[in-house]
Every structure is written in C-alpha cells, then in structure tokens.
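Encoded as structure tokens, the structure appears first; notes follow it.
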2 protein chains.
Amino acid sequence: MSEPITAAVLVIGDEILSGRTQDTNLGYIAKVLGALGIDMREGRIVPDMEEEIVAAVNTLRARYTYVFTTGGIGPTHDDITADAIAKAFGVGIDYHPEVLAALGARYQPGEFNEMRKRMARIPDGASLIRNSVSTAPGFQLGNVFVMAGVPMIMRAMMEDVAPRLDRGVVVVTATISAKIAEGRIAGPLAQVQTDYKTVAIGSYPFYTPDGFGVQLVVRGREADSVEAAARAIEAAIAGEGVVATRISP
Amino acid sequence: MSEPITAAVLVIGDEILSGRTQDTNLGYIAKVLGALGIDMREGRIVPDMEEEIVAAVNTLRARYTYVFTTGGIGPTHDDITADAIAKAFGVGIDYHPEVLAALGARYQPGEFNEMRKRMARIPDGASLIRNSVSTAPGFQLGNVFVMAGVPMIMRAMMEDVAPRLDRGVVVVTATISAKIAEGRIAGPLAQVQTDYKTVAIGSYPFYTPDGFGVQLVVRGREADSVEAAARAIEAAIAGEGVVATRISP
C-alpha cells in the first residue's frame, strides 16, 4: 500500500477567532481533497500575527504532504500572509513583474496605489495560483498553497491548485441513518469496528423536531470492506427492530 | 494593564476534517468568551486519534489560560476524548459514581449498557460540567474544559463553564461599512492603524449582487481609542466621496 497523501489547512484571520466570521473554507478544501484521495489531517486557525503564521506553517509543512492557507493576501495592512510565508521559508519577497503588470492593467490610471501593489508581492521561487474571479493571485511555495480568504476567490484558486496535487486512492463512504439512540447500538458498532480494521466508523447523533437518531459513517479505501462493514451495521440495527436507511454519502 | 486572559479551542472529530460536518462551535465559544473579555487566540481541529488529541491538548494548555475541547465524549467507540485527556494530564480515569448513578436513573432497566457507561468515565481530579440538555456531563481538568460536539449540548455546557472563568476587560468593537474597494482606502487605513496602536483594524471585503464594498472592524479595550480610530476611518472614506455607515458590531 502506498503512503497516504496528507494535508492540513491553516486558516489565517482575527475575524474567525473572534467569531465574527464563520469559516467555511476548511470544509470546502476537505471535500476537494477528498475527491482526489488526499487525507485532511489537521486544521489550525491563527490570528493575523506574523510569528503565529510562521510557526504554524513551519510545523504543518514538515508534517503533511500539503498545506493550504486561506486569508491575508489582500491589499490592506492586516494582510501579512505573503511576508509571513517568505519568512517561514527563509526566502526573499518582492514585487512579481507579471502580477504587477496584470494588476496595473486592471486599475484606472492613478488607482494602482502602493497598498494595491502589495498584492503583487510574491516570495522568491513561488509559482502563482491564478483564479477566474480576481486579478490578484495566490501562490505556491514548496508544498504550501497560499490562497485568498474570500470563499468565492479561494474556490476559484482551488481549480488552479487541484491539477498540481498528487492523487491517492479515494476514500469510499457509506452512510447509514437510523432513528435509534447511538448508545443502543454502540456495542455492536464497536464490534464491527474491531472486525473491519481497514475502515473508520464514525457515529454522529442528530436531534430534530421529528425525533433523534444517529448517522453512522463508514470510511475506507477498500470498497468491499466498507460495504461489508455497512451491512454489518445495518444488520445490527435491524436486530434492534429499527429500520436503517442507506443515504447518499 | 493586567495580563490578557487567553483561550484556544480544540475541535475533535474526523467529521469536521472530512468536510462532512461544518463546525460552528468555535465561533460560538469565541463569542461567549469575547463577552467575558477573554481572547480566543488559536483554534485547532484534530481527528479522532489519541496521540493527536494528547499532543494538541498539552501544547495548548501550556500556552493559553484556557482550552476548550469539543467532541468525542459520547458512548461509541470513536469517542476517545476523556481517555485522551487523562493521558495528556498523566492521571487515571474511572467511572464517576455520581455520573454513573445519574445515567443509570435515566435509562430503562437493561438499557444502561457497557458502552453507555463509558460516558461516566471521568479523569481523576476533574470537576463535572453539567448541562440542561443531556444527562452525560463534560468535565474540567485544570485549565481544560471538555465539552460535547453536538452544538445544542455544547452551548448548554458553556452556561455551566462561564461562571468558572476569570474575566478580562471586554473588547469594544466599531464596525464601519462602505461601498468602496478596500484597496482605495488601504493607505489611509494603514495610517490610522499606525496612529492608534492600541486598536486592531481588520478589513473585510464583501461581494453581493448589489455590488462590492468593505467592512472595517476596529477592536480594542480602550473605548475612546476605538471610537477615535473609527472616526478617522470614516473621515478617510468621506474623503474619497463615499458614504460610511456605522453598523452594529
């Protein structure tokens, strides 16, 4: 079996940590990576502070195949990600001629001010991440992909990033829903997990106005084992006299 | 000025990292803490793997005043947080008599199985975190608060947690919205940040069907400085011939 391809997301921004903004980028990136067979292993959220960004990037890039950062690449004073990434890698950073030209062409005469030029600052040796929404690019340096925080722009950037990534075996998922307390089937569930060691079984209780229940998610890279484990779970639920429903993953 | 009171959130769960479930707990906890004058400084998301939980908890509890974990305290095999926390602190873990009794009273005869009893496993020396929704408690060990992942239960647990926390000076926020490109006022904005060093100014562009604009958020613990910085920003926007609107924080 080949080595798993792994990833981490680093969300950069005071607004996430204050609760002002709900991050949705991590989940989106996770789904894109999942479709490529890449395992998201960790997420971190740090404030707009250079030393925090540098430390997190250096820890994560040593630990995982890929690191994806979001946030902090705009024109304002609180956009410090590009400089922090350069510092983390110990490389210089300067205005990228091509980006400078592209941004210059976008603005009216007199509008391309010094702060906007900051968006052309790209660490030495980085390749650009283009996107269909904004003229300002992200960039890739080594195994680190630096993207915008605005979801619409980040998603467009992922389209440019995805073809650069190594692909792994895609995880197969089976999801079973049943109106049963998870504690009632926790024993059989643990047994299924013991019997099928190549799958990971997650148990997620839900509560709705119609009542409670549980969704059981079986994940693994061997489709036969996932299906067998899912059937074993369905049998366990049926054994309790409850109907189990297979739902789309 | 007294030392800031700081916090981190550790979200535990494969389902967040796979993109299956959107975390909303971090933002909720951030807002509760914000109202108490406590600064959320970092978030981490780790899978249901003991060594990852142990490592993250030990890093975070050494670094911040408080750590809040969510997820992994239910009855199923993938609920390993309590054991991981005990391991992180190097203490034992056993069935808590009071929790065992409360859970036993909740279930019908024969329903209180071995897996459900797992929810009564509390690390030695921990105090319970009760909640109005579920009989199963969370717990506090040292500066670490261990809570459920289900948002409804986690929120109820925060009501029991909040009175235990030291309080700091609450951050005052002023939010200004304007239909202007952030790059157009980025220069004056940087100047306001330089002039008012005790505030943090965040710039958050938005894009709607009606057009684009920016929200500028001034945060600080000195209300006078926040207000003065906000007025300086409003003046800068007015200088560009654009209307700035103060909105509720």
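Naming scheme: A, B, ... for chains in displayed order of the structure tokens; residues 1 onward per chain; ligands 1 onward as shown.
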Task: Residue hits in chain A, query chain B, radius 7 Å, only C-alpha atoms, as a PyMOL selection string - done: chain A and resi 17-19+22+27-28+30-31+40-47+75-78+115-116+183+186-187+190+202-203
Could you write those residues out with C-alpha atoms, as a short mmCIF file (atom, residue, chain, number, x, y, z; two decimals), in the first residue's frame?
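Now in out_38.cif:
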```cif
data_model
loop_
_atom_site.label_atom_id
_atom_site.label_comp_id
_atom_site.auth_asym_id
_atom_site.auth_seq_id
_atom_site.Cartn_x
_atom_site.Cartn_y
_atom_site.Cartn_z
CA LEU A 17 -11.12 33.67 16.05
CA SER A 18 -13.38 36.49 17.24
CA GLY A 19 -16.45 34.65 15.98
CA GLN A 22 -17.78 31.63 10.17
CA GLY A 27 -14.72 22.08 4.76
CA TYR A 28 -14.66 23.06 1.12
CA ALA A 30 -11.50 18.98 2.60
CA LYS A 31 -14.11 17.92 0.06
CA MET A 40 -7.11 16.19 5.51
CA ARG A 41 -5.41 15.52 8.83
CA GLU A 42 -5.39 18.79 10.72
CA GLY A 43 -6.77 22.30 10.77
CA ARG A 44 -5.41 25.33 12.54
CA ILE A 45 -6.75 28.83 12.93
CA VAL A 46 -4.32 31.60 13.83
CA PRO A 47 -4.64 35.39 14.16
CA PRO A 75 -4.07 44.98 -0.08
CA THR A 76 -4.60 46.20 3.49
CA HIS A 77 -2.20 46.48 6.43
CA ASP A 78 -3.66 43.36 8.08
CA MET A 115 -1.17 49.32 -1.00
CA ARG A 116 -2.69 47.61 -4.02
CA GLY A 183 -25.85 4.18 22.77
CA ALA A 186 -22.72 1.25 20.43
CA GLY A 187 -21.71 -2.29 21.44
CA ALA A 190 -17.60 -1.34 18.33
CA GLY A 202 -17.98 7.47 12.86
CA SER A 203 -21.17 7.80 14.91
#
```
TODO: Quick one: pick out all alpha helix (DSSP H) residues within range 8-201 of chain B from a backbone DSSP run and write them as a ChimeraX atom specification.
DONE: /B:14-17,25-35,50-63,81-89,97-106,114-117,151-161,182-195
Open item on the list: Can you pull out the residues contacting Glu227 in chain B? Cut-off 12 Å, using only C-alpha atoms, and skip same-chain residues under 3 positions away; I want them as an MDAnalysis selection string.
Closed with: chainID B and resid 172:176 192 196 198:199 201 217:224 230:234 246
Please save N, CA and C atoms of the selected residues as a compact mmCIF listing (two decimals), in the first residue's frame.
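After the write, part_37.txt holds the following:
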```
# COMPACT_ATOMS: atom_id res chain seq x y z
N VAL B 172 -14.02 46.35 22.90
CA VAL B 172 -15.02 47.21 22.27
C VAL B 172 -14.80 47.15 20.76
N THR B 173 -15.91 47.06 20.02
CA THR B 173 -15.80 46.95 18.57
C THR B 173 -16.59 48.06 17.89
N ALA B 174 -16.01 48.64 16.87
CA ALA B 174 -16.76 49.55 16.00
C ALA B 174 -16.63 49.01 14.58
N THR B 175 -17.77 48.87 13.90
CA THR B 175 -17.76 48.32 12.54
C THR B 175 -18.31 49.36 11.57
N ILE B 176 -17.55 49.59 10.53
CA ILE B 176 -17.91 50.59 9.52
C ILE B 176 -18.06 49.87 8.19
N VAL B 192 -4.17 55.05 9.94
CA VAL B 192 -4.98 55.04 11.17
C VAL B 192 -4.45 53.94 12.11
N TYR B 196 -3.12 54.66 15.88
CA TYR B 196 -3.84 54.11 17.04
C TYR B 196 -3.35 52.69 17.30
N THR B 198 -3.24 50.90 19.96
CA THR B 198 -3.93 50.03 20.92
C THR B 198 -5.17 49.37 20.31
N VAL B 199 -5.47 49.68 19.06
CA VAL B 199 -6.61 49.01 18.41
C VAL B 199 -6.09 48.10 17.29
N ILE B 201 -7.24 46.90 13.55
CA ILE B 201 -8.19 47.21 12.48
C ILE B 201 -8.18 46.07 11.47
N VAL B 217 -13.38 46.75 10.75
CA VAL B 217 -13.69 46.45 12.14
C VAL B 217 -12.54 46.94 13.02
N VAL B 218 -12.87 47.82 13.94
CA VAL B 218 -11.89 48.35 14.89
C VAL B 218 -12.14 47.68 16.24
N ARG B 219 -11.11 47.05 16.79
CA ARG B 219 -11.28 46.36 18.06
C ARG B 219 -10.21 46.83 19.04
N GLY B 220 -10.63 47.02 20.28
CA GLY B 220 -9.65 47.43 21.29
C GLY B 220 -10.30 47.49 22.66
N ARG B 221 -9.49 47.62 23.67
CA ARG B 221 -10.03 47.61 25.04
C ARG B 221 -10.20 49.02 25.60
N GLU B 222 -9.75 50.03 24.83
CA GLU B 222 -9.95 51.42 25.25
C GLU B 222 -11.01 52.03 24.33
N ALA B 223 -12.20 52.24 24.90
CA ALA B 223 -13.33 52.68 24.09
C ALA B 223 -13.03 53.99 23.36
N ASP B 224 -12.33 54.91 24.03
CA ASP B 224 -12.04 56.20 23.41
C ASP B 224 -11.17 56.03 22.15
N ALA B 230 -12.21 54.79 14.69
CA ALA B 230 -13.36 54.60 13.81
C ALA B 230 -13.71 55.90 13.09
N ARG B 231 -13.65 57.02 13.83
CA ARG B 231 -13.96 58.32 13.21
C ARG B 231 -12.90 58.69 12.17
N ALA B 232 -11.66 58.36 12.46
CA ALA B 232 -10.59 58.64 11.48
C ALA B 232 -10.82 57.84 10.20
N ILE B 233 -11.29 56.60 10.36
CA ILE B 233 -11.58 55.78 9.18
C ILE B 233 -12.76 56.37 8.40
N GLU B 234 -13.78 56.76 9.13
CA GLU B 234 -14.95 57.37 8.47
C GLU B 234 -14.55 58.63 7.70
N ARG B 246 -21.96 53.30 10.05
CA ARG B 246 -21.59 52.57 11.26
C ARG B 246 -22.64 51.50 11.49
```
Open item on the list: Which residues are near range 209-214 of chain B? Cut-off 6 Å, only C-alpha atoms, ignore same chain within fewer than 6 positions. Put them as a PyMOL selection string.
Closed with: chain B and resi 177-182
Can those selected residues be exported to a file as a PDB file, in the first residue's frame so that it contains N, CA and C atoms?
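For reference, result_39.pdb as written:
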```
ATOM      1  N   SER B 177     -19.152  50.136   7.513  1.00  0.00           N
ATOM      2  CA  SER B 177     -19.376  49.527   6.208  1.00  0.00           C
ATOM      3  C   SER B 177     -19.411  50.613   5.145  1.00  0.00           C
ATOM      4  N   ALA B 178     -18.794  50.341   4.008  1.00  0.00           N
ATOM      5  CA  ALA B 178     -18.792  51.327   2.918  1.00  0.00           C
ATOM      6  C   ALA B 178     -18.694  50.619   1.585  1.00  0.00           C
ATOM      7  N   LYS B 179     -19.375  51.167   0.603  1.00  0.00           N
ATOM      8  CA  LYS B 179     -19.304  50.605  -0.746  1.00  0.00           C
ATOM      9  C   LYS B 179     -18.104  51.180  -1.469  1.00  0.00           C
ATOM     10  N   ILE B 180     -16.955  50.701  -1.050  1.00  0.00           N
ATOM     11  CA  ILE B 180     -15.698  51.181  -1.610  1.00  0.00           C
ATOM     12  C   ILE B 180     -14.741  49.998  -1.661  1.00  0.00           C
ATOM     13  N   ALA B 181     -13.883  49.981  -2.663  1.00  0.00           N
ATOM     14  CA  ALA B 181     -12.878  48.922  -2.738  1.00  0.00           C
ATOM     15  C   ALA B 181     -11.882  49.109  -1.601  1.00  0.00           C
ATOM     16  N   GLU B 182     -11.534  48.024  -0.918  1.00  0.00           N
ATOM     17  CA  GLU B 182     -10.651  48.196   0.236  1.00  0.00           C
ATOM     18  C   GLU B 182      -9.297  48.774  -0.178  1.00  0.00           C
TER      19      GLU B 182
END
```
Task: Separation of CA of Glu50 in chain A from CA of Ile80 in chain A in Å - done: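 Distance between the two atoms: 6.9 Å.
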- [ ] Tell me, in Å to one decimal, how far CA of Ile93 in chain B is from CA of Leu128 in chain B.
- [x]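 Computing it gives 13.4 Å between the two atoms.
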TODO: Give me, please, the distance in Å between CA of Ser225 in chain A and CA of Lys197 in chain A, quoted to one decimal.
DONE: 9.0 Å
TODO: Please run DSSP on the backbone and report, as a ChimeraX atom specification, all residues within range 10-238 of chain B that come out as strand (DSSP E).
DONE: /B:10-12,39-46,66-70,93-95,121-123,127-129,138-141,144-147,172-178,199-208,211-220
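Candidate residues A:Ile38, A:Tyr66, A:Phe139, A:Ala84 were compared for distance to Ile53 in chain A, and the nearest is A:Ala84, using only C-alpha atoms.
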